[in-house]
Amino acid sequence: LGEYVKLDPKTLGVGSYQHDLDAKQLRRALDGAVEDAVSGVGVDANGASSALLERVAGLNATLAKALVADRPFSSRNDLKRVKGLGPKTFDNVAGFLRVSNSREVLDATRIHPDDYGEAWRLLRKAGVSSDDVQRASVKGGGLGSDTIEKLRRLPPSSLVELLCDPCLAGDARYVLAPPPILERGAPLTLKDCNVGRVFAGTVRNVAPFGAFVDIGVGVDGLLHSSQFGPSDRIEIGARVDVAVVEVDEPRRRVGLRLARKRGRDP
């Protein structure tokens with residue numbers, strides 16, 4: 001995501017269909033999708049590039065550069081010192097900008113500062129300590145399953161839902177799409193990939209013509225759409241067992257068939 005935001009969204013399109021659409025309308029839709037993704041997972045205020053920061057809803061290129069120039073931040077409150085970032089803008093963006101080295105551990109989460117008081121009340125009811133939140137932010141992702149079960153017993157609210165979110169704290173990329181667990185003897189290079197061999201993999205992308213599966217050889221194999229149906233629920237993050245049906249070393253391509261589906265990563 002940190003690299004994709006540096007590109008014009010229209011360059012990420014597949015096929016020629018996008019040229020049939022209104023360019024301005026397409027740009028607005030693509031920009032909105034990127035901003036939703038950035039806002040959905042949040043960014044590290046001390047480490048994100050200006051290209052990534054300007055995609056946060058409420059920020060622009062000028063404020064993003066000002067944020068980078070004024071680093072490091074030791075708390076979310078330090079964001080208020082950035083030139084041009086007034087109280088209203090701070091209220092809009094504070095929940096999206098994480099500060100992981102703050103004394104207030106909720107600064108490393110997606111909880112907005114205005115909700116800290118209520119969030120701590122709910123967390124204490126569920127027996128969650130600041131150390132628990134700290135561990136979640138260091139690991140990246142959400143609180144433990146036992147803690148989430150306790151939170152779910154509380155009266156439902158949007159804040160409870162956020163506290164149970166798998167992207168609550170830190171960098172959640174390995175929670176959402178962890179590297180595949182490779183079986184003993186799994187290939188390390190394309191040369192080790194033999195036709196008929198079965199490997200555990202993780203679906204990295206899905207397209208109309210098939211799915212790309214990471215099996216740990218440095219090249220994602222193609223699971224053609226003819227190899228699975230709607231009932232297989234092939235989706236990004238799904239763990240699948242796949243068998244190699246074709247290897248094209250010069251073109252660095254691997255063809256796969258579905259052996260069996262294991263389920264989606266948490």
# chains A, B, ... in the order shown; residues from 1 in each chain; ligands from 1
$ select_by_dssp --residues "segment 56-247 of chain A" --states "strand (DSSP E)" --output "count of residues only"
31
$ residues_around --residues "Leu163 of chain A" --least-positions-apart "5" --cutoff "12 Å" --atoms "only C-alpha atoms" --output "PDB file with C-alpha atoms, in the first residue's frame"
ATOM      1  CA  LEU A 106      -4.192   4.150  22.605  1.00  0.00           C
ATOM      2  CA  THR A 109      -4.595   2.424  17.790  1.00  0.00           C
ATOM      3  CA  ARG A 110      -7.475   3.582  15.598  1.00  0.00           C
ATOM      4  CA  ILE A 111      -9.326   4.934  18.630  1.00  0.00           C
ATOM      5  CA  HIS A 112      -9.900   8.692  18.374  1.00  0.00           C
ATOM      6  CA  ASP A 115     -13.052   8.425  22.791  1.00  0.00           C
ATOM      7  CA  TYR A 116     -10.126   7.483  25.035  1.00  0.00           C
ATOM      8  CA  GLU A 118     -14.951   5.644  27.136  1.00  0.00           C
ATOM      9  CA  ALA A 119     -12.556   3.199  25.478  1.00  0.00           C
ATOM     10  CA  TRP A 120     -10.629   2.693  28.726  1.00  0.00           C
ATOM     11  CA  ARG A 121     -13.890   2.225  30.620  1.00  0.00           C
ATOM     12  CA  LEU A 122     -14.874  -0.576  28.223  1.00  0.00           C
ATOM     13  CA  LEU A 123     -11.411  -2.119  28.215  1.00  0.00           C
ATOM     14  CA  ALA A 126     -13.246  -6.563  29.893  1.00  0.00           C
ATOM     15  CA  VAL A 128      -7.771  -5.343  29.457  1.00  0.00           C
ATOM     16  CA  VAL A 133      -2.965  -2.935  24.211  1.00  0.00           C
ATOM     17  CA  ALA A 136      -1.308  -5.731  20.310  1.00  0.00           C
ATOM     18  CA  GLY A 141      -3.568  -6.283  14.528  1.00  0.00           C
ATOM     19  CA  GLY A 142      -6.184  -6.688  17.237  1.00  0.00           C
ATOM     20  CA  LEU A 143      -6.645  -7.862  20.786  1.00  0.00           C
ATOM     21  CA  GLY A 144      -6.680 -11.550  21.687  1.00  0.00           C
ATOM     22  CA  SER A 145      -9.670 -13.772  20.978  1.00  0.00           C
ATOM     23  CA  THR A 147     -10.473 -10.415  25.173  1.00  0.00           C
ATOM     24  CA  ILE A 148     -12.682  -9.892  22.143  1.00  0.00           C
ATOM     25  CA  GLU A 149     -15.117 -12.476  23.501  1.00  0.00           C
ATOM     26  CA  LYS A 150     -15.381 -10.462  26.728  1.00  0.00           C
ATOM     27  CA  LEU A 151     -15.855  -7.205  24.825  1.00  0.00           C
ATOM     28  CA  ARG A 152     -18.648  -8.792  22.768  1.00  0.00           C
ATOM     29  CA  LEU A 154     -20.766  -5.638  26.598  1.00  0.00           C
ATOM     30  CA  PRO A 156     -23.068  -3.223  21.477  1.00  0.00           C
ATOM     31  CA  SER A 157     -21.741   0.086  20.196  1.00  0.00           C
ATOM     32  CA  SER A 158     -19.518   1.401  17.410  1.00  0.00           C
ATOM     33  CA  LEU A 168      -7.175  -1.985  15.845  1.00  0.00           C
ATOM     34  CA  ALA A 169      -3.509  -1.330  16.564  1.00  0.00           C
TER      35      ALA A 169
END
$ select_by_dssp --residues "segment 1-199 of chain A" --states "helix (DSSP H, G or I)" --output "PyMOL selection string"
chain A and resi 4-6+9-12+17-20+23-41+50-53+61-69+76-81+87-96+105-108+113-125+130-139+145-152+158-163+173-176+190-192
$ closest_residue --among "A:Pro113, A:Pro72, A:Gly140, A:Pro155" --to "Lys125 of chain A" --atoms "only C-alpha atoms"
A:Pro155
$ residues_around --residues "Ala37 of chain A" --least-positions-apart "4" --cutoff "10 Å" --atoms "only C-alpha atoms" --output "PyMOL selection string"
chain A and resi 1+31-33+41-42+55-56
$ write_last_selection --atoms "N, CA and C atoms" --output "PDB file, in the first residue's frame"
ATOM      1  N   LEU A   1       0.838  -1.201   0.000  1.00  0.00           N
ATOM      2  CA  LEU A   1       0.000   0.000   0.000  1.00  0.00           C
ATOM      3  C   LEU A   1       0.870   1.247   0.000  1.00  0.00           C
ATOM      4  N   ASP A  31      -9.421   7.381  -6.487  1.00  0.00           N
ATOM      5  CA  ASP A  31      -8.863   8.138  -5.361  1.00  0.00           C
ATOM      6  C   ASP A  31      -9.624   7.817  -4.079  1.00  0.00           C
ATOM      7  N   GLY A  32     -10.953   7.730  -4.197  1.00  0.00           N
ATOM      8  CA  GLY A  32     -11.768   7.422  -3.021  1.00  0.00           C
ATOM      9  C   GLY A  32     -11.465   6.048  -2.474  1.00  0.00           C
ATOM     10  N   ALA A  33     -11.254   5.082  -3.378  1.00  0.00           N
ATOM     11  CA  ALA A  33     -10.950   3.713  -2.939  1.00  0.00           C
ATOM     12  C   ALA A  33      -9.615   3.650  -2.209  1.00  0.00           C
ATOM     13  N   VAL A  41      -6.872   1.233   7.520  1.00  0.00           N
ATOM     14  CA  VAL A  41      -5.806   0.590   8.290  1.00  0.00           C
ATOM     15  C   VAL A  41      -4.990   1.585   9.099  1.00  0.00           C
ATOM     16  N   GLY A  42      -5.115   2.892   8.776  1.00  0.00           N
ATOM     17  CA  GLY A  42      -4.338   3.892   9.488  1.00  0.00           C
ATOM     18  C   GLY A  42      -2.890   3.909   9.034  1.00  0.00           C
ATOM     19  N   ARG A  55      -2.911  10.759   1.454  1.00  0.00           N
ATOM     20  CA  ARG A  55      -4.088   9.963   1.121  1.00  0.00           C
ATOM     21  C   ARG A  55      -5.004   9.772   2.325  1.00  0.00           C
ATOM     22  N   VAL A  56      -4.579  10.222   3.488  1.00  0.00           N
ATOM     23  CA  VAL A  56      -5.432  10.155   4.671  1.00  0.00           C
ATOM     24  C   VAL A  56      -6.544  11.184   4.523  1.00  0.00           C
TER      25      VAL A  56
END
$ residues_around --residues "Phe199 of chain A" --least-positions-apart "5" --cutoff "7 Å" --atoms "only C-alpha atoms" --output "number ranges by chain"
A: 186, 215, 241-243
$ atom_distance --atom1 "atom CA of Val219 of chain A" --atom2 "atom CA of Ala207 of chain A"
16.4 Å
$ closest_residue --among "A:Leu190, A:Ala211, A:Gly201, A:Val240" --to "Arg252 of chain A" --atoms "only C-alpha atoms"
A:Leu190
$ closest_residue --among "A:Glu249, A:Glu235, A:Asp22, A:Glu161" --to "Gly210 of chain A" --atoms "only C-alpha atoms"
A:Glu235
$ closest_residue --among "A:Arg239, A:Lys83, A:Arg153, A:Lys88" --to "Gly58 of chain A" --atoms "only C-alpha atoms"
A:Lys88
$ atom_distance --atom1 "atom CA of Lys65 of chain A" --atom2 "atom CA of Ala94 of chain A"
16.5 Å
$ decode --residues "segment 141-161 of chain A" --atoms "N, CA, C and O atoms" --output "PDB file, in the first residue's frame"
ATOM      1  N   GLY A 141      -2.290  -5.592  14.682  1.00  0.00           N
ATOM      2  CA  GLY A 141      -3.568  -6.283  14.528  1.00  0.00           C
ATOM      3  C   GLY A 141      -4.532  -5.933  15.636  1.00  0.00           C
ATOM      4  O   GLY A 141      -4.702  -4.764  15.979  1.00  0.00           O
ATOM      5  N   GLY A 142      -5.172  -6.943  16.218  1.00  0.00           N
ATOM      6  CA  GLY A 142      -6.184  -6.688  17.237  1.00  0.00           C
ATOM      7  C   GLY A 142      -5.860  -7.355  18.555  1.00  0.00           C
ATOM      8  O   GLY A 142      -4.795  -7.951  18.737  1.00  0.00           O
ATOM      9  N   LEU A 143      -6.781  -7.230  19.479  1.00  0.00           N
ATOM     10  CA  LEU A 143      -6.645  -7.862  20.786  1.00  0.00           C
ATOM     11  C   LEU A 143      -6.874  -9.368  20.670  1.00  0.00           C
ATOM     12  O   LEU A 143      -7.359  -9.855  19.644  1.00  0.00           O
ATOM     13  N   GLY A 144      -6.536 -10.103  21.714  1.00  0.00           N
ATOM     14  CA  GLY A 144      -6.680 -11.550  21.687  1.00  0.00           C
ATOM     15  C   GLY A 144      -8.130 -12.004  21.607  1.00  0.00           C
ATOM     16  O   GLY A 144      -9.055 -11.261  21.941  1.00  0.00           O
ATOM     17  N   SER A 145      -8.314 -13.239  21.166  1.00  0.00           N
ATOM     18  CA  SER A 145      -9.670 -13.772  20.978  1.00  0.00           C
ATOM     19  C   SER A 145     -10.447 -13.827  22.296  1.00  0.00           C
ATOM     20  O   SER A 145     -11.662 -13.569  22.321  1.00  0.00           O
ATOM     21  N   ASP A 146      -9.771 -14.147  23.402  1.00  0.00           N
ATOM     22  CA  ASP A 146     -10.449 -14.192  24.700  1.00  0.00           C
ATOM     23  C   ASP A 146     -10.939 -12.806  25.100  1.00  0.00           C
ATOM     24  O   ASP A 146     -12.048 -12.644  25.625  1.00  0.00           O
ATOM     25  N   THR A 147     -10.100 -11.795  24.849  1.00  0.00           N
ATOM     26  CA  THR A 147     -10.473 -10.415  25.173  1.00  0.00           C
ATOM     27  C   THR A 147     -11.646  -9.953  24.321  1.00  0.00           C
ATOM     28  O   THR A 147     -12.587  -9.325  24.819  1.00  0.00           O
ATOM     29  N   ILE A 148     -11.602 -10.287  23.046  1.00  0.00           N
ATOM     30  CA  ILE A 148     -12.682  -9.892  22.143  1.00  0.00           C
ATOM     31  C   ILE A 148     -13.998 -10.544  22.567  1.00  0.00           C
ATOM     32  O   ILE A 148     -15.066  -9.921  22.509  1.00  0.00           O
ATOM     33  N   GLU A 149     -13.913 -11.789  23.028  1.00  0.00           N
ATOM     34  CA  GLU A 149     -15.117 -12.476  23.501  1.00  0.00           C
ATOM     35  C   GLU A 149     -15.732 -11.740  24.689  1.00  0.00           C
ATOM     36  O   GLU A 149     -16.957 -11.590  24.780  1.00  0.00           O
ATOM     37  N   LYS A 150     -14.888 -11.228  25.582  1.00  0.00           N
ATOM     38  CA  LYS A 150     -15.381 -10.462  26.728  1.00  0.00           C
ATOM     39  C   LYS A 150     -15.979  -9.132  26.285  1.00  0.00           C
ATOM     40  O   LYS A 150     -17.012  -8.695  26.801  1.00  0.00           O
ATOM     41  N   LEU A 151     -15.340  -8.480  25.327  1.00  0.00           N
ATOM     42  CA  LEU A 151     -15.855  -7.205  24.825  1.00  0.00           C
ATOM     43  C   LEU A 151     -17.209  -7.392  24.143  1.00  0.00           C
ATOM     44  O   LEU A 151     -18.081  -6.522  24.230  1.00  0.00           O
ATOM     45  N   ARG A 152     -17.387  -8.528  23.468  1.00  0.00           N
ATOM     46  CA  ARG A 152     -18.648  -8.792  22.768  1.00  0.00           C
ATOM     47  C   ARG A 152     -19.815  -8.961  23.744  1.00  0.00           C
ATOM     48  O   ARG A 152     -20.967  -8.846  23.346  1.00  0.00           O
ATOM     49  N   ARG A 153     -19.513  -9.247  24.980  1.00  0.00           N
ATOM     50  CA  ARG A 153     -20.577  -9.398  25.972  1.00  0.00           C
ATOM     51  C   ARG A 153     -21.086  -8.049  26.471  1.00  0.00           C
ATOM     52  O   ARG A 153     -22.128  -7.976  27.122  1.00  0.00           O
ATOM     53  N   LEU A 154     -20.342  -6.974  26.186  1.00  0.00           N
ATOM     54  CA  LEU A 154     -20.766  -5.638  26.598  1.00  0.00           C
ATOM     55  C   LEU A 154     -21.868  -5.141  25.674  1.00  0.00           C
ATOM     56  O   LEU A 154     -22.029  -5.644  24.560  1.00  0.00           O
ATOM     57  N   PRO A 155     -22.650  -4.134  26.113  1.00  0.00           N
ATOM     58  CA  PRO A 155     -23.674  -3.570  25.233  1.00  0.00           C
ATOM     59  C   PRO A 155     -23.061  -3.139  23.899  1.00  0.00           C
ATOM     60  O   PRO A 155     -22.021  -2.474  23.883  1.00  0.00           O
ATOM     61  N   PRO A 156     -23.658  -3.544  22.786  1.00  0.00           N
ATOM     62  CA  PRO A 156     -23.068  -3.223  21.477  1.00  0.00           C
ATOM     63  C   PRO A 156     -23.005  -1.721  21.210  1.00  0.00           C
ATOM     64  O   PRO A 156     -23.896  -0.967  21.583  1.00  0.00           O
ATOM     65  N   SER A 157     -21.921  -1.312  20.592  1.00  0.00           N
ATOM     66  CA  SER A 157     -21.741   0.086  20.196  1.00  0.00           C
ATOM     67  C   SER A 157     -20.656   0.132  19.127  1.00  0.00           C
ATOM     68  O   SER A 157     -19.924  -0.848  18.919  1.00  0.00           O
ATOM     69  N   SER A 158     -20.547   1.265  18.445  1.00  0.00           N
ATOM     70  CA  SER A 158     -19.518   1.401  17.410  1.00  0.00           C
ATOM     71  C   SER A 158     -18.121   1.323  18.007  1.00  0.00           C
ATOM     72  O   SER A 158     -17.181   0.817  17.372  1.00  0.00           O
ATOM     73  N   LEU A 159     -17.967   1.789  19.245  1.00  0.00           N
ATOM     74  CA  LEU A 159     -16.660   1.748  19.897  1.00  0.00           C
ATOM     75  C   LEU A 159     -16.275   0.310  20.264  1.00  0.00           C
ATOM     76  O   LEU A 159     -15.116  -0.088  20.123  1.00  0.00           O
ATOM     77  N   VAL A 160     -17.237  -0.468  20.708  1.00  0.00           N
ATOM     78  CA  VAL A 160     -16.976  -1.879  20.998  1.00  0.00           C
ATOM     79  C   VAL A 160     -16.550  -2.588  19.714  1.00  0.00           C
ATOM     80  O   VAL A 160     -15.603  -3.387  19.708  1.00  0.00           O
ATOM     81  N   GLU A 161     -17.234  -2.293  18.600  1.00  0.00           N
ATOM     82  CA  GLU A 161     -16.875  -2.898  17.324  1.00  0.00           C
ATOM     83  C   GLU A 161     -15.452  -2.542  16.928  1.00  0.00           C
ATOM     84  O   GLU A 161     -14.696  -3.390  16.431  1.00  0.00           O
TER      85      GLU A 161
END
